[in-house]
Every structure is written in C-alpha cells, then in structure tokens.
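Peer 1: Take a look at the following structure, please.
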Amino acid sequence: NDDAIDLNIRLGSANVCTMGYAWDDKVVTEAGLLIPGRVQALGTQFAERGYHAIGIMEARCPTSASFMCGPYLVLSTAATKRGTHGVQLWINLEKKWADVKGASGKVPRSAATVVYEDPTRLLVTVRSNVVNCNFFVGHAPHGWQAPLKGKRRDAGEAPNPIAAYEKQKAWWELSSKICADQRIRDAPSFYFLDGNVQVGSIVSQAIGPVDADEE
C-alpha cells in the first residue's frame, strides 16, 4: 500500500490512585490520594519518557472532561458517585508519531473523538493524516475475595463469588459490544486494560512467571 504510514510510538498504561480531585471532603481520606500537583507531575514523567499515548485507571475525576497537561490532551471520564474509578486517555499532541511527507507528523487536537464513556470505560477514535486508530481504556471489576478479618465489605463489592462472576461477565460482554462499534471497524485498536484477572502458570512473551496460578 503506497499510502501506508509506519508509526513508531510508545504506549503505556497505569492504575493511578493519586490523581483525584478534592470535590468532596468525605470522598477520599486514604493516605496517598489527592496529592497536589500530581497530575502535572505525571504529565512531566510521561513526556520525559516519550509516551505518545497512555491509558489511566482510577483517575477519579468528578466529571467527564478534556484538558491539556503539558503536551498531552487528557480525555477523562467521570468517577462514580462514590468517587471511585474514572479512566483517562492521554494523547501527546507535540511529539511526532510518524514521518509524513509534507506534514508535521503530529496529531491535532481535533483528531480525537470520544465514542463511548462511563466510569470504567473510554473509547476514543483518532483520525488524521498521520494516525488512524482507536484507543480503549478499561478497568474491569474485581473477582470475589473473602473480606479480611475485622474489615467490613465495601458497598460496591460483590457479596459472594457468583455475584462477582456475574458482575465481571456483564462488564466484559458490554465492553465487547462497545468495541464492536461500526465507527471503529475501519482502523486498528489499542487496548489499555486493568483486567483485575489472574494469570496461569504457562509463561509466554506476554505472561511472566510472577504470582502465577496453577493450571
């Protein structure tokens, strides 16, 4: 294909519980949360390491929003009413994504469009003369775990293994439907996921030997 463009990009993802905003004093009290300037510090770190796009989980932004942080366009979903979750996609608008004759090789802000969003999912299309792709950021629910002795179960947690399984199953089924949207079928997709899943003991290029479950 004479029109093909070779991308040379660096992608990353992180579950970051320190990016919340103090919109309600009662929402977050744990140590390490709501650190002033944390968003800007992360933006600096991402830029120094040359990331083109990053998927963030547990951003905990009170409302859906889009804003600039250094070179990054940040697209953010709202957290839940309890102040948990919220995901983001960071897109570097100043870094060259590809060598394109007669163009800067950068992605313009207008190229990004949010197709779907909720507190645990974000689907974004990027369409330009440089990049033609989709990004999905997802944070799946936890599996069931017995509560620690003396610790009360949080209101949002599943009360038993069957309920936890059904919650996980519903999340993945809806996510699959979202990612089958006709608007994204014409381009490749990149997935940033915190799947809250355990992996087996078979080692591969994608799965290492750490904390494996016996298969």
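How things are named: the first chain in the structure tokens is A, the next is B, and so on; residues count from 1 in each chain; ligands count from 1 in the order shown.
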List as a ChimeraX atom specification the protein and nucleic acid residues near Gln40 in chain A, meaning an atom at most 12 Å away when only C-alpha atoms are counted, but skip any in the same chain fewer than 6 places from it.
Peer 2: /A:18-19,46-47,67-72,74
Peer 1: Pick out each residue of chain A that DSSP on the backbone tags as alpha helix (DSSP H); I need them as a PyMOL selection string.
Peer 2: chain A and resi 38-48+161-178
Peer 1: Identify which of the residues A:Ser128, A:Leu75, A:Val210, A:Asp194 lies closest to Ala103 in chain A, counting only C-alpha atoms when measuring atom-to-atom distances.
Peer 2: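 Nearest candidate to Ala103 in chain A out of A:Ser128, A:Leu75, A:Val210, A:Asp194: A:Ser128.
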Peer 1: Using DSSP on the backbone coordinates, identify the residues of range 13-137 of chain A assigned to strand (DSSP E or B); present them as a PyMOL selection string.
Peer 2: chain A and resi 13-15+53-57+65-69+72-76+87-92+98+112-118+121-127+132-137
Peer 1: Give the answer as one residue: which of A:Phe136, A:Tyr116, A:Tyr51, A:Trp97 has the shortest atom-to-atom distance to Tyr191 in chain A, using only C-alpha atoms?
Peer 2: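 Between A:Phe136, A:Tyr116, A:Tyr51, A:Trp97, the residue approaching Tyr191 in chain A most closely is A:Phe136.
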Peer 1: Neighbouring residues of range 196-199 of chain A were defined as those with any atom within 8 Å, considering only C-alpha atoms; residues of the same chain fewer than 3 positions away were excluded. Please report them as a PyMOL selection string.
Peer 2: chain A and resi 139-143+207+212-213
Peer 1: Go ahead and save the picked residues with N, CA, C and O atoms, as a PDB file, in the first residue's frame.
Peer 2:
```
ATOM      1  N   HIS A 139     -11.315  -0.607  32.927  1.00  0.00           N
ATOM      2  CA  HIS A 139     -10.979  -1.053  34.279  1.00  0.00           C
ATOM      3  C   HIS A 139     -12.066  -2.025  34.730  1.00  0.00           C
ATOM      4  O   HIS A 139     -13.145  -1.619  35.150  1.00  0.00           O
ATOM      5  N   ALA A 140     -11.767  -3.310  34.621  1.00  0.00           N
ATOM      6  CA  ALA A 140     -12.751  -4.346  34.915  1.00  0.00           C
ATOM      7  C   ALA A 140     -12.958  -4.505  36.422  1.00  0.00           C
ATOM      8  O   ALA A 140     -12.072  -4.187  37.221  1.00  0.00           O
ATOM      9  N   PRO A 141     -14.131  -5.028  36.829  1.00  0.00           N
ATOM     10  CA  PRO A 141     -14.382  -5.232  38.263  1.00  0.00           C
ATOM     11  C   PRO A 141     -13.534  -6.363  38.831  1.00  0.00           C
ATOM     12  O   PRO A 141     -13.081  -7.256  38.104  1.00  0.00           O
ATOM     13  N   HIS A 142     -13.350  -6.314  40.141  1.00  0.00           N
ATOM     14  CA  HIS A 142     -12.583  -7.344  40.836  1.00  0.00           C
ATOM     15  C   HIS A 142     -13.345  -8.665  40.880  1.00  0.00           C
ATOM     16  O   HIS A 142     -14.574  -8.694  40.851  1.00  0.00           O
ATOM     17  N   GLY A 143     -12.580  -9.758  40.986  1.00  0.00           N
ATOM     18  CA  GLY A 143     -13.177 -11.033  41.321  1.00  0.00           C
ATOM     19  C   GLY A 143     -13.498 -11.064  42.805  1.00  0.00           C
ATOM     20  O   GLY A 143     -13.125 -10.166  43.565  1.00  0.00           O
ATOM     21  N   ILE A 207       3.087 -13.206  29.180  1.00  0.00           N
ATOM     22  CA  ILE A 207       2.828 -13.602  30.565  1.00  0.00           C
ATOM     23  C   ILE A 207       4.112 -14.076  31.215  1.00  0.00           C
ATOM     24  O   ILE A 207       4.743 -15.024  30.747  1.00  0.00           O
ATOM     25  N   ALA A 212       1.971 -16.677  39.644  1.00  0.00           N
ATOM     26  CA  ALA A 212       1.123 -17.476  38.746  1.00  0.00           C
ATOM     27  C   ALA A 212       0.137 -18.357  39.527  1.00  0.00           C
ATOM     28  O   ALA A 212       0.434 -18.785  40.634  1.00  0.00           O
ATOM     29  N   ASP A 213      -1.018 -18.619  38.917  1.00  0.00           N
ATOM     30  CA  ASP A 213      -1.962 -19.605  39.443  1.00  0.00           C
ATOM     31  C   ASP A 213      -1.735 -20.913  38.717  1.00  0.00           C
ATOM     32  O   ASP A 213      -1.601 -20.932  37.488  1.00  0.00           O
TER      33      ASP A 213
END
```
Peer 1: Compare A:Thr120, A:Asn129, A:Ser13, A:Ser110 by their minimum atom-to-atom distance to Trp90 in chain A, counting only C-alpha atoms, and give me the closest one.
Peer 2: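 Nearest to Trp90 in chain A: A:Ser13.
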Peer 1: Which is closest to Arg185 in chain A among A:Asn132, A:Leu93, A:Lys106, A:Asn8, if we use only C-alpha atoms?
Peer 2: A:Asn132
Peer 1: Could you check which of A:Lys96, A:Gly195, A:Pro108, A:Pro119 is closest to Thr63 in chain A, using only C-alpha atoms?
Peer 2: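 Using only C-alpha atoms, the shortest distance to Thr63 in chain A belongs to A:Pro119.
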Peer 1: Pick out the residues sitting within 9 Å of Ala78 in chain A, and hand them over as an NGL selection string; count only C-alpha atoms, and ignore anything fewer than 5 positions along from it in its own chain.
Peer 2: :A and (59-65 or 83 or 85-87 or 117-120)
Peer 1: Using only C-alpha atoms, please write the residues we just selected to a file, as a PDB file, in the first residue's frame.
Peer 2:
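And here is the file that came out, selection24.pdb:
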```
ATOM      1  CA  ALA A  59      -8.212   8.869  37.753  1.00  0.00           C
ATOM      2  CA  ARG A  60     -11.204   9.765  39.958  1.00  0.00           C
ATOM      3  CA  CYS A  61     -12.118  12.980  38.153  1.00  0.00           C
ATOM      4  CA  PRO A  62     -15.509  14.258  39.438  1.00  0.00           C
ATOM      5  CA  THR A  63     -16.867  14.971  35.936  1.00  0.00           C
ATOM      6  CA  SER A  64     -16.039  13.986  32.394  1.00  0.00           C
ATOM      7  CA  ALA A  65     -13.599  16.493  30.972  1.00  0.00           C
ATOM      8  CA  GLY A  83     -15.689   8.929  43.975  1.00  0.00           C
ATOM      9  CA  HIS A  85     -12.914   4.692  39.213  1.00  0.00           C
ATOM     10  CA  GLY A  86     -12.788   7.106  36.304  1.00  0.00           C
ATOM     11  CA  VAL A  87     -10.435   6.443  33.377  1.00  0.00           C
ATOM     12  CA  GLU A 117     -17.540   6.730  28.121  1.00  0.00           C
ATOM     13  CA  ASP A 118     -18.548   5.592  31.583  1.00  0.00           C
ATOM     14  CA  PRO A 119     -16.640   5.397  34.913  1.00  0.00           C
ATOM     15  CA  THR A 120     -14.735   2.269  33.867  1.00  0.00           C
TER      16      THR A 120
END
```
Peer 1: Could you tell me how far CA of Gly55 in chain A sits from CA of Ala14 in chain A, in Å to one decimal place?
Peer 2: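 CA of Ala14 in chain A sits 6.5 Å away from CA of Gly55 in chain A.
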Peer 1: One number please: CA of Ser104 in chain A to CA of Leu42 in chain A, in Å, one decimal.
Peer 2: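 About the pair CA of Ser104 in chain A and CA of Leu42 in chain A: they are 25.6 Å apart.
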Peer 1: Any idea what's packed within 12 Å of Asp181 in chain A, counting only C-alpha atoms, ignoring anything in its chain fewer than 2 positions away? Could you give it as a ChimeraX atom specification?
Peer 2: /A:115-116,123-125,134,136,174-179,183-187,189
Peer 1: Output the selection as a PDB file, in the first residue's frame - N, CA, C and O atoms for each residue.
Peer 2:
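See selection20.pdb below for the written result:
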```pdb
ATOM      1  N   VAL A 115     -16.111   8.208  21.616  1.00  0.00           N
ATOM      2  CA  VAL A 115     -17.228   7.414  21.084  1.00  0.00           C
ATOM      3  C   VAL A 115     -18.097   6.873  22.213  1.00  0.00           C
ATOM      4  O   VAL A 115     -19.321   6.791  22.093  1.00  0.00           O
ATOM      5  N   TYR A 116     -17.452   6.508  23.321  1.00  0.00           N
ATOM      6  CA  TYR A 116     -18.208   5.967  24.461  1.00  0.00           C
ATOM      7  C   TYR A 116     -17.443   6.273  25.743  1.00  0.00           C
ATOM      8  O   TYR A 116     -16.201   6.259  25.767  1.00  0.00           O
ATOM      9  N   LEU A 123     -13.748   4.916  25.061  1.00  0.00           N
ATOM     10  CA  LEU A 123     -13.395   4.553  23.689  1.00  0.00           C
ATOM     11  C   LEU A 123     -13.229   5.830  22.880  1.00  0.00           C
ATOM     12  O   LEU A 123     -14.138   6.668  22.837  1.00  0.00           O
ATOM     13  N   VAL A 124     -12.054   5.981  22.270  1.00  0.00           N
ATOM     14  CA  VAL A 124     -11.721   7.198  21.531  1.00  0.00           C
ATOM     15  C   VAL A 124     -11.211   6.830  20.142  1.00  0.00           C
ATOM     16  O   VAL A 124     -10.387   5.911  20.000  1.00  0.00           O
ATOM     17  N   THR A 125     -11.696   7.538  19.140  1.00  0.00           N
ATOM     18  CA  THR A 125     -11.152   7.381  17.793  1.00  0.00           C
ATOM     19  C   THR A 125     -10.198   8.543  17.519  1.00  0.00           C
ATOM     20  O   THR A 125     -10.416   9.663  17.965  1.00  0.00           O
ATOM     21  N   ASN A 134      -7.833   3.557  17.055  1.00  0.00           N
ATOM     22  CA  ASN A 134      -8.764   3.690  18.165  1.00  0.00           C
ATOM     23  C   ASN A 134      -8.060   3.310  19.466  1.00  0.00           C
ATOM     24  O   ASN A 134      -7.154   2.472  19.475  1.00  0.00           O
ATOM     25  N   PHE A 136      -8.978   2.143  23.521  1.00  0.00           N
ATOM     26  CA  PHE A 136      -9.961   1.746  24.531  1.00  0.00           C
ATOM     27  C   PHE A 136      -9.258   1.648  25.876  1.00  0.00           C
ATOM     28  O   PHE A 136      -8.249   0.957  26.008  1.00  0.00           O
ATOM     29  N   LEU A 174     -20.414  -6.194  27.824  1.00  0.00           N
ATOM     30  CA  LEU A 174     -20.716  -4.847  27.349  1.00  0.00           C
ATOM     31  C   LEU A 174     -19.487  -4.221  26.691  1.00  0.00           C
ATOM     32  O   LEU A 174     -19.606  -3.554  25.652  1.00  0.00           O
ATOM     33  N   SER A 175     -18.322  -4.446  27.258  1.00  0.00           N
ATOM     34  CA  SER A 175     -17.087  -3.909  26.666  1.00  0.00           C
ATOM     35  C   SER A 175     -16.876  -4.460  25.261  1.00  0.00           C
ATOM     36  O   SER A 175     -16.455  -3.734  24.351  1.00  0.00           O
ATOM     37  N   SER A 176     -17.168  -5.741  25.081  1.00  0.00           N
ATOM     38  CA  SER A 176     -17.025  -6.353  23.755  1.00  0.00           C
ATOM     39  C   SER A 176     -17.975  -5.706  22.756  1.00  0.00           C
ATOM     40  O   SER A 176     -17.608  -5.460  21.598  1.00  0.00           O
ATOM     41  N   LYS A 177     -19.206  -5.420  23.185  1.00  0.00           N
ATOM     42  CA  LYS A 177     -20.167  -4.763  22.304  1.00  0.00           C
ATOM     43  C   LYS A 177     -19.709  -3.350  21.945  1.00  0.00           C
ATOM     44  O   LYS A 177     -19.824  -2.913  20.793  1.00  0.00           O
ATOM     45  N   ILE A 178     -19.185  -2.640  22.938  1.00  0.00           N
ATOM     46  CA  ILE A 178     -18.702  -1.278  22.695  1.00  0.00           C
ATOM     47  C   ILE A 178     -17.567  -1.290  21.674  1.00  0.00           C
ATOM     48  O   ILE A 178     -17.510  -0.454  20.764  1.00  0.00           O
ATOM     49  N   CYS A 179     -16.664  -2.246  21.816  1.00  0.00           N
ATOM     50  CA  CYS A 179     -15.505  -2.317  20.919  1.00  0.00           C
ATOM     51  C   CYS A 179     -15.845  -2.897  19.557  1.00  0.00           C
ATOM     52  O   CYS A 179     -14.983  -2.950  18.669  1.00  0.00           O
ATOM     53  N   ARG A 183     -18.193   2.333  14.053  1.00  0.00           N
ATOM     54  CA  ARG A 183     -17.373   3.527  13.824  1.00  0.00           C
ATOM     55  C   ARG A 183     -15.881   3.263  14.014  1.00  0.00           C
ATOM     56  O   ARG A 183     -15.060   4.107  13.648  1.00  0.00           O
ATOM     57  N   ILE A 184     -15.507   2.135  14.585  1.00  0.00           N
ATOM     58  CA  ILE A 184     -14.084   1.884  14.797  1.00  0.00           C
ATOM     59  C   ILE A 184     -13.564   0.715  13.971  1.00  0.00           C
ATOM     60  O   ILE A 184     -12.402   0.335  14.079  1.00  0.00           O
ATOM     61  N   ARG A 185     -14.419   0.144  13.121  1.00  0.00           N
ATOM     62  CA  ARG A 185     -14.015  -1.056  12.390  1.00  0.00           C
ATOM     63  C   ARG A 185     -13.032  -0.781  11.259  1.00  0.00           C
ATOM     64  O   ARG A 185     -12.413  -1.694  10.737  1.00  0.00           O
ATOM     65  N   ASP A 186     -12.898   0.480  10.876  1.00  0.00           N
ATOM     66  CA  ASP A 186     -12.037   0.800   9.737  1.00  0.00           C
ATOM     67  C   ASP A 186     -10.600   1.074  10.141  1.00  0.00           C
ATOM     68  O   ASP A 186      -9.789   1.509   9.314  1.00  0.00           O
ATOM     69  N   ALA A 187     -10.257   0.835  11.417  1.00  0.00           N
ATOM     70  CA  ALA A 187      -8.904   1.166  11.878  1.00  0.00           C
ATOM     71  C   ALA A 187      -8.492   0.218  13.003  1.00  0.00           C
ATOM     72  O   ALA A 187      -9.340  -0.329  13.706  1.00  0.00           O
ATOM     73  N   SER A 189      -7.086  -1.030  16.662  1.00  0.00           N
ATOM     74  CA  SER A 189      -7.391  -0.557  18.007  1.00  0.00           C
ATOM     75  C   SER A 189      -6.294  -0.955  18.981  1.00  0.00           C
ATOM     76  O   SER A 189      -5.684  -2.017  18.866  1.00  0.00           O
TER      77      SER A 189
END
```
Peer 1: If I take CA of Ile91 in chain A and CA of Ala41 in chain A, how far is one from the other in Å, to one decimal?
Peer 2: 15.9 Å
Peer 1: Pick from A:Ala180, A:Val107, A:Val130, A:Cys17: nearest to Glu94 in chain A, with only C-alpha atoms counted?
Peer 2: A:Val107
